[in-house]
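Have a look at upload_16.pdb; it's PDB, C-alpha atoms and all ligand atoms:
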ATOM      1  CA  MET A   1      74.822  52.990  -9.797
ATOM      2  CA  ARG A   2      71.673  51.956 -11.576
ATOM      3  CA  LEU A   3      68.082  52.624 -10.539
ATOM      4  CA  THR A   4      65.187  50.488 -11.780
ATOM      5  CA  VAL A   5      61.642  51.586 -10.995
ATOM      6  CA  LEU A   6      59.753  48.429 -10.007
ATOM      7  CA  GLY A   7      56.666  50.292  -8.846
ATOM      8  CA  CYS A   8      55.802  53.966  -8.566
ATOM      9  CA  ALA A   9      52.046  54.141  -7.928
ATOM     10  CA  GLY A  10      51.159  56.329  -4.958
ATOM     11  CA  SER A  11      49.065  55.023  -2.034
ATOM     12  CA  PHE A  12      47.532  52.029  -3.865
ATOM     13  CA  PRO A  13      48.421  50.077  -7.011
ATOM     14  CA  GLY A  14      47.476  51.844 -10.230
ATOM     15  CA  PRO A  15      46.301  50.386 -13.536
ATOM     16  CA  GLU A  16      49.849  50.441 -14.904
ATOM     17  CA  SER A  17      52.061  50.143 -11.840
ATOM     18  CA  ALA A  18      52.713  48.429  -8.549
ATOM     19  CA  CYS A  19      53.243  50.547  -5.450
ATOM     20  CA  SER A  20      56.597  52.016  -4.440
ATOM     21  CA  ALA A  21      59.675  49.844  -4.959
ATOM     22  CA  TYR A  22      63.036  50.868  -6.365
ATOM     23  CA  LEU A  23      65.933  48.589  -7.164
ATOM     24  CA  VAL A  24      69.336  50.247  -6.790
ATOM     25  CA  GLU A  25      72.405  48.353  -8.007
ATOM     26  CA  ALA A  26      76.146  48.993  -7.791
ATOM     27  CA  ASP A  27      79.185  46.700  -7.855
ATOM     28  CA  GLY A  28      76.877  43.700  -8.230
ATOM     29  CA  PHE A  29      75.007  44.575  -5.004
ATOM     30  CA  ARG A  30      71.225  44.950  -5.192
ATOM     31  CA  LEU A  31      69.408  47.110  -2.676
ATOM     32  CA  LEU A  32      65.623  47.201  -2.763
ATOM     33  CA  VAL A  33      64.214  50.478  -1.468
ATOM     34  CA  ASP A  34      60.591  50.009  -0.384
ATOM     35  CA  PHE A  35      58.592  46.897  -1.209
ATOM     36  CA  GLY A  36      55.046  47.992  -2.000
ATOM     37  CA  PRO A  37      52.146  45.787  -3.138
ATOM     38  CA  GLY A  38      52.648  44.256  -6.568
ATOM     39  CA  SER A  39      56.353  45.020  -6.777
ATOM     40  CA  LEU A  40      57.400  41.414  -6.145
ATOM     41  CA  SER A  41      56.008  40.706  -9.609
ATOM     42  CA  ALA A  42      58.162  43.400 -11.204
ATOM     43  CA  LEU A  43      61.203  42.280  -9.209
ATOM     44  CA  GLN A  44      61.076  38.948 -11.020
ATOM     45  CA  ARG A  45      60.835  40.693 -14.372
ATOM     46  CA  TYR A  46      63.806  43.010 -13.884
ATOM     47  CA  ALA A  47      66.096  41.170 -11.474
ATOM     48  CA  GLY A  48      65.032  37.767 -10.149
ATOM     49  CA  LEU A  49      63.455  36.306  -7.042
ATOM     50  CA  HIS A  50      66.630  35.741  -5.071
ATOM     51  CA  THR A  51      68.889  38.458  -6.395
ATOM     52  CA  ILE A  52      68.471  41.150  -3.758
ATOM     53  CA  ASP A  53      71.087  41.630  -1.043
ATOM     54  CA  ALA A  54      69.301  44.041   1.314
ATOM     55  CA  ILE A  55      66.021  45.914   1.731
ATOM     56  CA  LEU A  56      65.422  49.429   3.023
ATOM     57  CA  ILE A  57      61.856  50.265   4.050
ATOM     58  CA  THR A  58      61.269  54.009   4.427
ATOM     59  CA  HIS A  59      58.073  53.708   6.483
ATOM     60  CA  LEU A  60      55.442  51.201   7.448
ATOM     61  CA  HIS A  61      52.478  52.427   5.416
ATOM     62  CA  CYS A  62      51.131  49.423   3.555
ATOM     63  CA  ASP A  63      51.884  50.841   0.096
ATOM     64  CA  HIS A  64      55.614  50.717   0.956
ATOM     65  CA  VAL A  65      55.965  47.446   2.838
ATOM     66  CA  LEU A  66      53.324  44.808   2.088
ATOM     67  CA  ASP A  67      55.245  42.713  -0.437
ATOM     68  CA  ALA A  68      57.795  42.030   2.299
ATOM     69  CA  CYS A  69      55.033  39.699   3.559
ATOM     70  CA  SER A  70      54.635  37.897   0.228
ATOM     71  CA  TYR A  71      58.403  37.593   0.119
ATOM     72  CA  VAL A  72      58.407  35.562   3.356
ATOM     73  CA  VAL A  73      56.968  32.644   1.386
ATOM     74  CA  VAL A  74      59.575  33.053  -1.353
ATOM     75  CA  ARG A  75      62.472  32.649   1.068
ATOM     76  CA  ARG A  76      61.052  30.425   3.809
ATOM     77  CA  TYR A  77      59.479  27.783   1.577
ATOM     78  CA  ALA A  78      61.835  27.756  -1.431
ATOM     79  CA  PRO A  79      61.960  24.291  -3.066
ATOM     80  CA  ASP A  80      65.744  24.226  -2.627
ATOM     81  CA  GLY A  81      65.427  24.965   1.091
ATOM     82  CA  PRO A  82      65.045  28.121   3.168
ATOM     83  CA  TYR A  83      67.238  31.061   2.263
ATOM     84  CA  PRO A  84      69.389  32.787   4.914
ATOM     85  CA  PRO A  85      68.004  35.891   6.635
ATOM     86  CA  LEU A  86      68.113  39.020   4.505
ATOM     87  CA  PRO A  87      69.106  42.381   6.054
ATOM     88  CA  VAL A  88      66.152  44.758   6.338
ATOM     89  CA  TYR A  89      66.689  48.385   7.373
ATOM     90  CA  ALA A  90      63.364  49.773   8.540
ATOM     91  CA  PRO A  91      61.684  51.933  11.197
ATOM     92  CA  ALA A  92      61.115  50.487  14.652
ATOM     93  CA  GLY A  93      58.138  48.147  14.711
ATOM     94  CA  ALA A  94      58.840  46.609  11.297
ATOM     95  CA  PRO A  95      59.421  43.051  12.611
ATOM     96  CA  GLU A  96      56.074  43.001  14.394
ATOM     97  CA  ARG A  97      54.204  44.717  11.563
ATOM     98  CA  ILE A  98      55.496  42.401   8.835
ATOM     99  CA  ALA A  99      54.941  39.295  10.975
ATOM    100  CA  ALA A 100      51.368  40.356  11.810
ATOM    101  CA  ALA A 101      50.524  41.220   8.205
ATOM    102  CA  TYR A 102      52.010  37.932   7.028
ATOM    103  CA  SER A 103      50.075  35.687   9.403
ATOM    104  CA  THR A 104      49.512  36.267  13.082
ATOM    105  CA  PRO A 105      49.635  32.639  14.298
ATOM    106  CA  ASP A 106      52.912  31.926  12.501
ATOM    107  CA  GLY A 107      54.953  34.168  14.803
ATOM    108  CA  PRO A 108      58.108  36.131  13.988
ATOM    109  CA  VAL A 109      59.773  36.363  10.593
ATOM    110  CA  ASP A 110      63.326  36.559  11.940
ATOM    111  CA  ASP A 111      64.219  33.372  10.075
ATOM    112  CA  VAL A 112      63.614  35.378   6.881
ATOM    113  CA  TYR A 113      64.807  38.869   7.794
ATOM    114  CA  THR A 114      67.461  40.360  10.044
ATOM    115  CA  PHE A 115      66.114  43.757  11.060
ATOM    116  CA  TYR A 116      68.126  46.920  11.653
ATOM    117  CA  GLY A 117      66.217  49.886  13.100
ATOM    118  CA  LEU A 118      66.588  53.149  11.190
ATOM    119  CA  GLN A 119      67.677  56.332  12.923
ATOM    120  CA  PRO A 120      68.726  59.621  11.368
ATOM    121  CA  GLY A 121      72.356  59.347  10.264
ATOM    122  CA  THR A 122      74.816  57.870   7.781
ATOM    123  CA  PHE A 123      75.803  54.213   7.500
ATOM    124  CA  PRO A 124      76.909  51.706   4.862
ATOM    125  CA  ILE A 125      74.738  49.138   3.099
ATOM    126  CA  GLY A 126      76.933  47.069   0.802
ATOM    127  CA  PRO A 127      78.828  49.507  -1.475
ATOM    128  CA  PHE A 128      76.425  52.394  -0.766
ATOM    129  CA  THR A 129      76.823  55.195   1.725
ATOM    130  CA  VAL A 130      73.306  55.724   3.000
ATOM    131  CA  THR A 131      72.013  58.802   4.788
ATOM    132  CA  VAL A 132      68.485  58.830   6.172
ATOM    133  CA  ASP A 133      66.553  61.515   7.998
ATOM    134  CA  ARG A 134      63.019  61.956   9.292
ATOM    135  CA  VAL A 135      60.685  63.687   6.857
ATOM    136  CA  SER A 136      57.196  65.151   7.306
ATOM    137  CA  HIS A 137      54.643  62.344   7.231
ATOM    138  CA  PRO A 138      52.213  61.080   9.906
ATOM    139  CA  VAL A 139      54.269  58.005  10.796
ATOM    140  CA  GLU A 140      58.013  57.553  11.345
ATOM    141  CA  THR A 141      59.281  58.077   7.784
ATOM    142  CA  TYR A 142      62.785  58.389   6.373
ATOM    143  CA  GLY A 143      63.939  60.185   3.250
ATOM    144  CA  VAL A 144      67.015  58.574   1.726
ATOM    145  CA  ARG A 145      70.290  59.703   0.165
ATOM    146  CA  LEU A 146      72.361  56.981  -1.522
ATOM    147  CA  GLU A 147      75.936  57.706  -2.569
ATOM    148  CA  HIS A 148      78.252  55.555  -4.624
ATOM    149  CA  GLY A 149      81.347  56.422  -6.653
ATOM    150  CA  GLY A 150      80.763  60.143  -6.194
ATOM    151  CA  ARG A 151      77.203  59.959  -7.523
ATOM    152  CA  VAL A 152      74.055  60.653  -5.530
ATOM    153  CA  LEU A 153      70.503  59.326  -5.697
ATOM    154  CA  ALA A 154      67.991  60.947  -3.342
ATOM    155  CA  TYR A 155      64.521  59.607  -2.598
ATOM    156  CA  SER A 156      61.860  61.579  -0.776
ATOM    157  CA  SER A 157      59.772  58.651   0.453
ATOM    158  CA  ASP A 158      56.391  60.170   1.409
ATOM    159  CA  THR A 159      56.622  63.686   2.788
ATOM    160  CA  ALA A 160      55.285  67.192   2.911
ATOM    161  CA  PRO A 161      57.780  70.029   2.296
ATOM    162  CA  CYS A 162      60.536  70.028   4.942
ATOM    163  CA  ASP A 163      64.150  71.057   5.449
ATOM    164  CA  ALA A 164      65.332  67.456   5.825
ATOM    165  CA  LEU A 165      64.129  66.692   2.309
ATOM    166  CA  VAL A 166      66.178  69.521   0.824
ATOM    167  CA  ARG A 167      69.255  68.500   2.847
ATOM    168  CA  LEU A 168      69.000  64.875   1.721
ATOM    169  CA  ALA A 169      68.620  65.877  -1.923
ATOM    170  CA  GLN A 170      71.384  68.507  -1.912
ATOM    171  CA  GLY A 171      73.242  68.354  -5.242
ATOM    172  CA  ALA A 172      71.787  64.943  -6.132
ATOM    173  CA  ASP A 173      72.373  63.612  -9.631
ATOM    174  CA  LEU A 174      68.879  62.160  -9.581
ATOM    175  CA  PHE A 175      66.096  63.156  -7.183
ATOM    176  CA  LEU A 176      63.238  60.689  -7.001
ATOM    177  CA  CYS A 177      60.551  62.819  -5.415
ATOM    178  CA  GLU A 178      56.964  62.115  -4.578
ATOM    179  CA  ALA A 179      54.214  64.322  -6.019
ATOM    180  CA  SER A 180      51.011  62.814  -4.697
ATOM    181  CA  TYR A 181      48.754  65.849  -4.574
ATOM    182  CA  LEU A 182      47.333  68.198  -7.163
ATOM    183  CA  ASP A 183      48.313  71.832  -6.821
ATOM    184  CA  GLY A 184      45.431  74.084  -5.959
ATOM    185  CA  ALA A 185      43.480  71.377  -4.185
ATOM    186  CA  ASP A 186      42.653  71.721  -0.515
ATOM    187  CA  ASN A 187      45.319  69.266   0.597
ATOM    188  CA  PRO A 188      45.821  68.248   4.234
ATOM    189  CA  PRO A 189      49.094  69.451   5.791
ATOM    190  CA  ASP A 190      52.178  67.423   6.737
ATOM    191  CA  LEU A 191      51.459  64.470   4.469
ATOM    192  CA  HIS A 192      52.503  64.755   0.800
ATOM    193  CA  LEU A 193      53.912  67.060  -1.868
ATOM    194  CA  THR A 194      52.284  68.567  -4.915
ATOM    195  CA  GLY A 195      54.082  68.773  -8.261
ATOM    196  CA  ARG A 196      54.949  72.403  -7.594
ATOM    197  CA  GLU A 197      56.342  71.563  -4.152
ATOM    198  CA  ALA A 198      58.434  68.726  -5.604
ATOM    199  CA  GLY A 199      59.830  71.154  -8.181
ATOM    200  CA  GLU A 200      60.556  73.723  -5.494
ATOM    201  CA  ALA A 201      62.408  71.152  -3.374
ATOM    202  CA  ALA A 202      64.436  70.128  -6.428
ATOM    203  CA  THR A 203      65.364  73.759  -7.099
ATOM    204  CA  LYS A 204      66.324  74.440  -3.468
ATOM    205  CA  ALA A 205      68.469  71.313  -3.398
ATOM    206  CA  GLY A 206      70.146  72.097  -6.730
ATOM    207  CA  VAL A 207      69.582  68.618  -8.146
ATOM    208  CA  SER A 208      70.544  67.657 -11.705
ATOM    209  CA  ARG A 209      67.442  65.683 -12.593
ATOM    210  CA  LEU A 210      63.967  65.333 -11.101
ATOM    211  CA  VAL A 211      61.906  62.159 -11.416
ATOM    212  CA  LEU A 212      58.379  62.532 -10.028
ATOM    213  CA  THR A 213      56.929  59.474  -8.349
ATOM    214  CA  HIS A 214      54.085  58.308  -6.070
ATOM    215  CA  LEU A 215      51.477  60.004  -8.261
ATOM    216  CA  VAL A 216      47.987  58.674  -7.525
ATOM    217  CA  ALA A 217      46.632  57.902 -10.989
ATOM    218  CA  ALA A 218      42.981  57.604  -9.995
ATOM    219  CA  TRP A 219      42.847  60.884  -8.113
ATOM    220  CA  GLY A 220      45.305  63.153  -9.880
ATOM    221  CA  SER A 221      46.355  64.442 -13.241
ATOM    222  CA  GLU A 222      49.780  63.414 -14.447
ATOM    223  CA  ALA A 223      49.924  66.255 -16.947
ATOM    224  CA  ALA A 224      49.004  68.873 -14.345
ATOM    225  CA  THR A 225      51.487  67.461 -11.833
ATOM    226  CA  TYR A 226      54.294  67.435 -14.380
ATOM    227  CA  GLU A 227      53.544  70.974 -15.560
ATOM    228  CA  ALA A 228      53.463  72.294 -12.001
ATOM    229  CA  ALA A 229      56.814  70.649 -11.221
ATOM    230  CA  ALA A 230      58.425  71.824 -14.461
ATOM    231  CA  ALA A 231      57.298  75.398 -13.727
ATOM    232  CA  ALA A 232      59.185  75.294 -10.415
ATOM    233  CA  PHE A 233      62.319  73.450 -11.576
ATOM    234  CA  THR A 234      64.232  74.434 -14.711
ATOM    235  CA  GLY A 235      66.288  71.236 -15.001
ATOM    236  CA  PRO A 236      65.164  68.013 -16.669
ATOM    237  CA  ALA A 237      62.029  66.545 -15.094
ATOM    238  CA  GLU A 238      59.899  63.539 -15.882
ATOM    239  CA  VAL A 239      57.335  61.200 -14.357
ATOM    240  CA  ALA A 240      58.562  57.771 -13.180
ATOM    241  CA  ARG A 241      57.393  54.722 -15.140
ATOM    242  CA  PRO A 242      57.472  51.098 -14.050
ATOM    243  CA  GLY A 243      60.471  49.448 -15.654
ATOM    244  CA  ALA A 244      62.315  52.730 -16.226
ATOM    245  CA  ARG A 245      66.061  52.411 -15.701
ATOM    246  CA  TYR A 246      68.491  55.194 -14.920
ATOM    247  CA  THR A 247      72.248  55.053 -14.826
ATOM    248  CA  ILE A 248      73.380  57.542 -12.204
TER
HETATM  249 ZN    ZN A 301      53.005  56.024   0.040
HETATM  250 ZN    ZN A 302      53.061  56.967   3.470
END
What does the file become when written as structure tokens?
Amino acid sequence: MRLTVLGCAGSFPGPESACSAYLVEADGFRLLVDFGPGSLSALQRYAGLHTIDAILITHLHCDHVLDACSYVVVRRYAPDGPYPPLPVYAPAGAPERIAAAYSTPDGPVDDVYTFYGLQPGTFPIGPFTVTVDRVSHPVETYGVRLEHGGRVLAYSSDTAPCDALVRLAQGADLFLCEASYLDGADNPPDLHLTGREAGEAATKAGVSRLVLTHLVAAWGSEAATYEAAAAAFTGPAEVARPGARYTI
């Protein structure tokens, strides 16, 4: 499978990147994982407006979902006519949230999206075997494990350290893991990881490669986050970049 980073800025768009959005492709199927602000722009650069086959939203914080509102226009009002509903796998409440953020008087968006509520477990999306589980974040949030052809991509979503994260990432070929906070800072609990905590999760899970994401450029230090992660994980580690592509 192939991963393309469309956006990797944590919490709000950064000077160089949209918010969280990751395109995962296999067998000609394109799954978009998260759809944060600004990522619809990058989608057109690396794939195309109408090329995605399904969307998985890990949680309903605005930095992971808001471009699903912009995308309503793309599908509903296309010059060649409305496009058929697209499958969206998301936490409960996603239909109402996306419809309200799009435009309250316009009503539901079920002409654009067919929603499937996420619950912990394993299920197929196209050619992928998808496992999701609740992670440690203030709203209903799912970490993700995607398997295809014997290869594994794991994605933390937003989370503090937790057992579910390590289970989801177990033996992953690539672990896309958030590292929002600076080590040593007085960080609030049950919200996000530091670089060191991302490295520790990668080590516990025995992953092959760690890609740090969801760094908050304006508030953090990329160098310090990377160094803290690399000190806790001896395998290859790097910081995600918009437009980066990985063959897994
Ligand atoms: Zn976030
Ligand atoms: Zn969040």
Fewer than 4 positions away in the same chain doesn't count, so skip those; otherwise give me all residues within 8 Å of stretch 179-183 of chain A, counting all atoms listed in the file, as a compact mmCIF listing (two decimals) with C-alpha atoms, in the frame of the given file.
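Below is the file selection-v2.txt, written as the result:
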# COMPACT_ATOMS: atom_id res chain seq x y z
CA GLY A 10 51.16 56.33 -4.96
CA ASN A 187 45.32 69.27 0.60
CA HIS A 192 52.50 64.76 0.80
CA LEU A 193 53.91 67.06 -1.87
CA THR A 194 52.28 68.57 -4.92
CA GLY A 195 54.08 68.77 -8.26
CA ARG A 196 54.95 72.40 -7.59
CA GLU A 197 56.34 71.56 -4.15
CA ALA A 198 58.43 68.73 -5.60
CA LEU A 212 58.38 62.53 -10.03
CA THR A 213 56.93 59.47 -8.35
CA HIS A 214 54.08 58.31 -6.07
CA LEU A 215 51.48 60.00 -8.26
CA VAL A 216 47.99 58.67 -7.52
CA GLY A 220 45.30 63.15 -9.88
CA SER A 221 46.36 64.44 -13.24
CA ALA A 224 49.00 68.87 -14.34
CA THR A 225 51.49 67.46 -11.83
CA ALA A 228 53.46 72.29 -12.00
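Using all atoms listed in the file for every distance, the candidate list A:Asp186, A:Asp173, A:Glu222, A:Asp133 yields A:Asp173 as the residue closest to A:Ser208.
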| message | Set the distance at 12 Å and use all atoms listed in the file: which residues neighbour A:Pro108 once local chain neighbours fewer than 3 positions away are removed? I'd like the list as a PyMOL selection string. | response | chain A and resi 69+72+94-105+111-115
| field | Selection near A:Leu168, 9 Å with all atoms listed in the file, sequence-local residues under 4 positions removed, as a PyMOL selection string | value | chain A and resi 131-133+143-145+154-156+163-164+172+205
| query | Applied to this file, what does the PyMOL selection byres (((not hetatm)) within 12 of (chain A and resi 302)) return in terms of residues, put as a VMD selection string? | reply | chain A and resid 9 to 12 19 to 20 34 36 57 to 65 135 to 143 156 to 160 178 180 190 to 193 214
Residues of the last selection are to be written out with C-alpha atoms, as a tab-separated table (two decimals), in the coordinates of the input.
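Saved result, again.tsv, follows:
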chain	number	residue	atom	x	y	z
A	9	ALA	CA	52.05	54.14	-7.93
A	10	GLY	CA	51.16	56.33	-4.96
A	11	SER	CA	49.06	55.02	-2.03
A	12	PHE	CA	47.53	52.03	-3.86
A	19	CYS	CA	53.24	50.55	-5.45
A	20	SER	CA	56.60	52.02	-4.44
A	34	ASP	CA	60.59	50.01	-0.38
A	36	GLY	CA	55.05	47.99	-2.00
A	57	ILE	CA	61.86	50.26	4.05
A	58	THR	CA	61.27	54.01	4.43
A	59	HIS	CA	58.07	53.71	6.48
A	60	LEU	CA	55.44	51.20	7.45
A	61	HIS	CA	52.48	52.43	5.42
A	62	CYS	CA	51.13	49.42	3.56
A	63	ASP	CA	51.88	50.84	0.10
A	64	HIS	CA	55.61	50.72	0.96
A	65	VAL	CA	55.96	47.45	2.84
A	135	VAL	CA	60.68	63.69	6.86
A	136	SER	CA	57.20	65.15	7.31
A	137	HIS	CA	54.64	62.34	7.23
A	138	PRO	CA	52.21	61.08	9.91
A	139	VAL	CA	54.27	58.00	10.80
A	140	GLU	CA	58.01	57.55	11.34
A	141	THR	CA	59.28	58.08	7.78
A	142	TYR	CA	62.78	58.39	6.37
A	143	GLY	CA	63.94	60.18	3.25
A	156	SER	CA	61.86	61.58	-0.78
A	157	SER	CA	59.77	58.65	0.45
A	158	ASP	CA	56.39	60.17	1.41
A	159	THR	CA	56.62	63.69	2.79
A	160	ALA	CA	55.28	67.19	2.91
A	178	GLU	CA	56.96	62.12	-4.58
A	180	SER	CA	51.01	62.81	-4.70
A	190	ASP	CA	52.18	67.42	6.74
A	191	LEU	CA	51.46	64.47	4.47
A	192	HIS	CA	52.50	64.76	0.80
A	193	LEU	CA	53.91	67.06	-1.87
A	214	HIS	CA	54.08	58.31	-6.07
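One finds atom CA of A:Arg2 at 19.4 Å from atom CA of A:Ser41.
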| Expanded to explicit residues, what is the PyMOL selection byres (((chain A and resi 91) around 6) and not hetatm) for this file, as number ranges by chain? | A: 90, 92, 117-118
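Residues matched by the PyMOL selection byres (((chain A and resi 233) around 7) and not hetatm) in this file are Gly199, Glu200, Ala202, Thr203, Ala229, Ala230, Ala231, Ala232, Thr234 and Gly235 of chain A.
If you look at atom CA of A:Gly150 and atom CA of A:Val33, they are 19.7 Å away from each other.
Our summary of the geometry notes that atom CA of A:Ala169 is positioned 26.5 Å from atom CA of A:Gly93.
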Please define a box with edges along x, y and z of the file around all atoms of stretch 95-109 of chain A given in the file, extend it by 6 Å on each side, and return its centre and edge lengths in Å to one decimal, as AutoDock Vina command-line options.
--center_x 54.6 --center_y 38.3 --center_z 10.9 --size_x 22.3 --size_y 24.8 --size_z 19.8
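Each of A:Arg30, A:Gly7, A:Pro84, A:Val24 was checked against A:Asp67 using all atoms listed in the file; the smallest atom-to-atom distance is that of A:Gly7.
Using all atoms listed in the file for every distance, the candidate list A:Gly184, A:Pro236, A:Pro161, A:Pro127 yields A:Pro127 as the residue closest to A:Glu25.
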| said: Need the shell around A:Val5: protein/DNA/RNA residues with any atom at most 10 Å away, counting all atoms listed in the file. Skip same-chain ones fewer than 3 positions apart. Format as number ranges by chain? | reply: A: 8, 17-18, 20-24, 33, 39, 42-43, 46, 213, 240-246
Taking the block above, write stretch 110-150 of chain A with C-alpha atoms as a PDB file, in the first residue's frame.
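Contents of part.pdb, freshly written:
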ATOM      1  CA  ASP A 110     -26.712  12.225   3.417  1.00  0.00           C
ATOM      2  CA  ASP A 111     -26.931  12.915  -0.313  1.00  0.00           C
ATOM      3  CA  VAL A 112     -23.139  13.361  -0.191  1.00  0.00           C
ATOM      4  CA  TYR A 113     -22.039  10.839   2.431  1.00  0.00           C
ATOM      5  CA  THR A 114     -23.209   7.447   3.636  1.00  0.00           C
ATOM      6  CA  PHE A 115     -22.148   7.258   7.273  1.00  0.00           C
ATOM      7  CA  TYR A 116     -20.992   4.168   9.150  1.00  0.00           C
ATOM      8  CA  GLY A 117     -20.504   4.566  12.910  1.00  0.00           C
ATOM      9  CA  LEU A 118     -17.137   3.420  14.245  1.00  0.00           C
ATOM     10  CA  GLN A 119     -16.888   0.946  17.098  1.00  0.00           C
ATOM     11  CA  PRO A 120     -13.829  -0.896  18.359  1.00  0.00           C
ATOM     12  CA  GLY A 121     -13.199  -3.898  16.110  1.00  0.00           C
ATOM     13  CA  THR A 122     -12.028  -5.135  12.718  1.00  0.00           C
ATOM     14  CA  PHE A 123     -13.833  -4.665   9.410  1.00  0.00           C
ATOM     15  CA  PRO A 124     -13.042  -4.265   5.711  1.00  0.00           C
ATOM     16  CA  ILE A 125     -12.887  -1.019   3.747  1.00  0.00           C
ATOM     17  CA  GLY A 126     -12.185  -1.836   0.111  1.00  0.00           C
ATOM     18  CA  PRO A 127      -9.022  -4.005   0.014  1.00  0.00           C
ATOM     19  CA  PHE A 128      -7.941  -2.988   3.537  1.00  0.00           C
ATOM     20  CA  THR A 129      -8.506  -4.839   6.771  1.00  0.00           C
ATOM     21  CA  VAL A 130      -9.145  -2.064   9.254  1.00  0.00           C
ATOM     22  CA  THR A 131      -8.904  -2.335  13.025  1.00  0.00           C
ATOM     23  CA  VAL A 132      -9.907   0.609  15.190  1.00  0.00           C
ATOM     24  CA  ASP A 133      -9.890   1.055  18.941  1.00  0.00           C
ATOM     25  CA  ARG A 134     -10.591   3.873  21.375  1.00  0.00           C
ATOM     26  CA  VAL A 135      -7.515   5.849  22.381  1.00  0.00           C
ATOM     27  CA  SER A 136      -6.953   8.422  25.136  1.00  0.00           C
ATOM     28  CA  HIS A 137      -8.325  11.777  24.013  1.00  0.00           C
ATOM     29  CA  PRO A 138     -11.158  13.935  25.419  1.00  0.00           C
ATOM     30  CA  VAL A 139     -13.666  12.994  22.717  1.00  0.00           C
ATOM     31  CA  GLU A 140     -14.520   9.633  21.136  1.00  0.00           C
ATOM     32  CA  THR A 141     -11.305   8.972  19.188  1.00  0.00           C
ATOM     33  CA  TYR A 142     -10.092   5.932  17.276  1.00  0.00           C
ATOM     34  CA  GLY A 143      -6.544   4.833  16.560  1.00  0.00           C
ATOM     35  CA  VAL A 144      -6.272   2.899  13.310  1.00  0.00           C
ATOM     36  CA  ARG A 145      -4.479  -0.197  12.031  1.00  0.00           C
ATOM     37  CA  LEU A 146      -4.639  -0.783   8.266  1.00  0.00           C
ATOM     38  CA  GLU A 147      -3.508  -4.106   6.824  1.00  0.00           C
ATOM     39  CA  HIS A 148      -3.057  -5.051   3.202  1.00  0.00           C
ATOM     40  CA  GLY A 149      -1.008  -7.797   1.557  1.00  0.00           C
ATOM     41  CA  GLY A 150       0.667  -8.692   4.843  1.00  0.00           C
TER      42      GLY A 150
END
